[in-house]
Amino acid sequence: MIDKLPKIDLHCHLDGSVRPETIIDIARKENIIIPSDDIEEIKRLVIAPPDCESLDEYLKVFELPCSVMQTKESLRRVAFELYEDAAKENVKYMEVRFAPLVHTAKGLTIEEVIGSVILGMKDAEKLYGIRGNIILGAMRFHSIDKAIELFEAGKKFLSKGVAAVDLCASELAGFSQEFKEPIALAKQYGYRITIHAGETGIGKNVLDAVEILEAERIGHGVYITDCKEAYDIVKKKGITLEICPTSNVQTKAVSSYKTHPFSDFYKDGIKVTLNTDNRTVSNIDMTHECGVLFNEFNMSEEDYKNIYLNSVEASFTDEATKQWLRSFI
Ligand SMILES: O=c1[nH]cnc2c1ncn2[C@H]1C[C@H](O)[C@@H](CO)O1
Ligand SMILES: [Zn+2]
């Protein structure tokens, strides 16, 4: 029954969702040296370890997939395959995020990187009943100038496949102040704003992301439980939380599914959505996360419908696409 449900994924990283077989295949075709060409070994390297201790440890496995995402062909291919995999489990709409600057190591321009990922997405849209948008992520360890360079380069793709910006990677207290200028510029250009915040114990970061960066959505946000002001502003302003349950367990944002605040948030009227974060790194898909929702969070089909509709309303897409998405539920 779960596989038949229509699904929406608003928080999925491209580089965390590359098929392990594709890593080996691209490495072979492009003469890239990778640690092994044994599929089981590659899976071991690219799937977060079962005893993963923190977000920072979780983030270490992204280096390998990014090493084979440095050409136009490989970027187009991994984007296509991600949308293809999602379409096959009835995901109707997916916003894919990635950090273009990480893919310029072999000389691609930022525009070439973004353009290639959009082509892959469009290839899949033509073949399958899925639609999407791309979110450009600036890495928090990059400079402010780099973030500005990225948002400048990406703006010509707005409404042509790119919809929003995000801040990714390790989360320190008070990062919003530092990124105020580039995010304000992005907003001025017409990008929508979602920000990873409140993932690693600092609920105040969510308050800052909403107040300083004007985030409309928050990636994760689970730690609003520790900051009343953050909790209240999320609830009052109807800020959507992009929750990724399995990722939260792996990065130790929560100790287990049973202690995840998802259903408490939902019951209290907070706009929660269900997402994957990283399909390969977390070794999951939307079907798996729906199973978590029904079996670990004890939610009903009616609850699922409401959560799906939260995703529709919070999606960075046009009204016609939202209407199309509503027709499935
Ligand atoms: O859950 C996450 N929190 C913060 N950053 C993340 C998470 N998952 C992936 N990333 C980073 C690693 C990727 O290289 C980058 C862009 O997709 O985003
Ligand atoms: Zn994420």
# chains A, B, ... in the order shown; residues from 1 in each chain; ligands from 1
call {"tool": "residues_near_ligand", "arguments": {"ligand": "ligand 2", "cutoff": "7 Å", "atoms": "only C-alpha atoms and all ligand atoms", "output": "MDAnalysis selection string"}}
result
chainID A and resid 11:13 168 196 219 277
call {"tool": "residues_around", "arguments": {"residues": "range 34-44 of chain A", "least_positions_apart": "3", "cutoff": "10 Å", "atoms": "only C-alpha atoms", "output": "VMD selection string"}}
result
chain A and resid 19 to 25 27 to 28 31 47 to 49 61 64 to 65 67 to 68 280 to 281 283
call {"tool": "atom_distance", "arguments": {"atom1": "CA of Val254 in chain A", "atom2": "CA of Phe175 in chain A"}}
result
21.7 Å
call {"tool": "select_by_dssp", "arguments": {"residues": "range 71-291 of chain A", "states": "strand (DSSP E)", "output": "PyMOL selection string"}}
result
chain A and resi 91-98+131-139+162-168+192-197+217-220+240-243+272-274
call {"tool": "closest_atom_pairs", "arguments": {"of": "chain A", "to": "ligand 1", "cutoff": "6 Å", "atoms": "only C-alpha atoms and all ligand atoms", "output": "JSON lines"}}
result
{"residue": "A:His13", "atom": "CA", "partner": "ligand 1", "partner_atom_place_in_ligand_line": "17 (O)", "distance": 4.5}
{"residue": "A:Leu14", "atom": "CA", "partner": "ligand 1", "partner_atom_place_in_ligand_line": "17 (O)", "distance": 5.9}
{"residue": "A:Asp15", "atom": "CA", "partner": "ligand 1", "partner_atom_place_in_ligand_line": "17 (O)", "distance": 5.5}
{"residue": "A:Leu59", "atom": "CA", "partner": "ligand 1", "partner_atom_place_in_ligand_line": "12 (C)", "distance": 5.6}
{"residue": "A:Phe62", "atom": "CA", "partner": "ligand 1", "partner_atom_place_in_ligand_line": "14 (O)", "distance": 5.5}
{"residue": "A:Arg97", "atom": "CA", "partner": "ligand 1", "partner_atom_place_in_ligand_line": "17 (O)", "distance": 5.7}
{"residue": "A:Phe98", "atom": "CA", "partner": "ligand 1", "partner_atom_place_in_ligand_line": "17 (O)", "distance": 3.6}
{"residue": "A:Ala99", "atom": "CA", "partner": "ligand 1", "partner_atom_place_in_ligand_line": "16 (C)", "distance": 4.5}
{"residue": "A:Gly137", "atom": "CA", "partner": "ligand 1", "partner_atom_place_in_ligand_line": "16 (C)", "distance": 6.0}
{"residue": "A:Cys168", "atom": "CA", "partner": "ligand 1", "partner_atom_place_in_ligand_line": "5 (N)", "distance": 4.1}
{"residue": "A:Ala169", "atom": "CA", "partner": "ligand 1", "partner_atom_place_in_ligand_line": "5 (N)", "distance": 3.4}
{"residue": "A:Ser170", "atom": "CA", "partner": "ligand 1", "partner_atom_place_in_ligand_line": "4 (C)", "distance": 5.8}
call {"tool": "atom_distance", "arguments": {"atom1": "CA of Ile202 in chain A", "atom2": "CA of Glu171 in chain A"}}
result
8.5 Å
call {"tool": "residues_around", "arguments": {"residues": "range 318-327 of chain A", "least_positions_apart": "2", "cutoff": "12 Å", "atoms": "only C-alpha atoms", "output": "ChimeraX atom specification"}}
result
/A:6-8,90-94,129-133,159-161,163,305-316,329
call {"tool": "write_last_selection", "arguments": {"atoms": "C-alpha atoms", "output": "PDB file, in the first residue's frame"}}
result
ATOM      1  CA  PRO A   6       1.673   9.656  -4.013  1.00  0.00           C
ATOM      2  CA  LYS A   7       4.781  11.226  -2.493  1.00  0.00           C
ATOM      3  CA  ILE A   8       6.578  14.553  -2.343  1.00  0.00           C
ATOM      4  CA  ASN A  90       5.515   7.327  -7.034  1.00  0.00           C
ATOM      5  CA  VAL A  91       7.238  10.521  -5.957  1.00  0.00           C
ATOM      6  CA  LYS A  92       5.315  13.152  -7.934  1.00  0.00           C
ATOM      7  CA  TYR A  93       7.403  16.183  -7.069  1.00  0.00           C
ATOM      8  CA  MET A  94      10.926  16.466  -5.703  1.00  0.00           C
ATOM      9  CA  GLY A 129       5.171  11.531 -14.207  1.00  0.00           C
ATOM     10  CA  ILE A 130       7.423  13.513 -11.923  1.00  0.00           C
ATOM     11  CA  ARG A 131       8.218  17.217 -11.700  1.00  0.00           C
ATOM     12  CA  GLY A 132      10.958  19.010  -9.841  1.00  0.00           C
ATOM     13  CA  ASN A 133      12.960  22.039  -8.932  1.00  0.00           C
ATOM     14  CA  SER A 159      11.900  29.753 -12.998  1.00  0.00           C
ATOM     15  CA  LYS A 160      13.863  27.554 -15.428  1.00  0.00           C
ATOM     16  CA  GLY A 161      14.566  24.737 -12.994  1.00  0.00           C
ATOM     17  CA  ALA A 163      13.741  27.786  -7.287  1.00  0.00           C
ATOM     18  CA  LYS A 305      -2.750  13.126   3.593  1.00  0.00           C
ATOM     19  CA  ASN A 306      -2.362  16.246   5.753  1.00  0.00           C
ATOM     20  CA  ILE A 307       1.425  15.951   5.691  1.00  0.00           C
ATOM     21  CA  TYR A 308       1.409  15.479   1.898  1.00  0.00           C
ATOM     22  CA  LEU A 309      -0.740  18.626   1.628  1.00  0.00           C
ATOM     23  CA  ASN A 310       1.741  20.495   3.861  1.00  0.00           C
ATOM     24  CA  SER A 311       4.391  19.580   1.273  1.00  0.00           C
ATOM     25  CA  VAL A 312       2.201  20.817  -1.571  1.00  0.00           C
ATOM     26  CA  GLU A 313       1.624  24.180   0.112  1.00  0.00           C
ATOM     27  CA  ALA A 314       5.298  24.624   1.058  1.00  0.00           C
ATOM     28  CA  SER A 315       6.699  23.544  -2.316  1.00  0.00           C
ATOM     29  CA  PHE A 316       8.632  26.170  -4.258  1.00  0.00           C
ATOM     30  CA  ILE A 329      -4.412  12.640  -2.782  1.00  0.00           C
TER      31      ILE A 329
END
call {"tool": "atom_distance", "arguments": {"atom1": "CA of Asn298 in chain A", "atom2": "CA of Glu216 in chain A"}}
result
27.8 Å
call {"tool": "residues_around", "arguments": {"residues": "Lys258 in chain A", "least_positions_apart": "4", "cutoff": "12 Å", "atoms": "only C-alpha atoms", "output": "list in words"}}
result
Pro245, Thr246, Asn248, Val249, Val254, Phe262, Ser263, Asp264, Val292, Leu293, Asn295, Glu296, Phe297 and Asn298 of chain A
call {"tool": "select_by_dssp", "arguments": {"residues": "range 33-162 of chain A", "states": "helix (DSSP H, G or I)", "output": "MDAnalysis selection string"}}
result
chainID A and resid 39:46 55:67 72:88 100:103 110:127 144:157
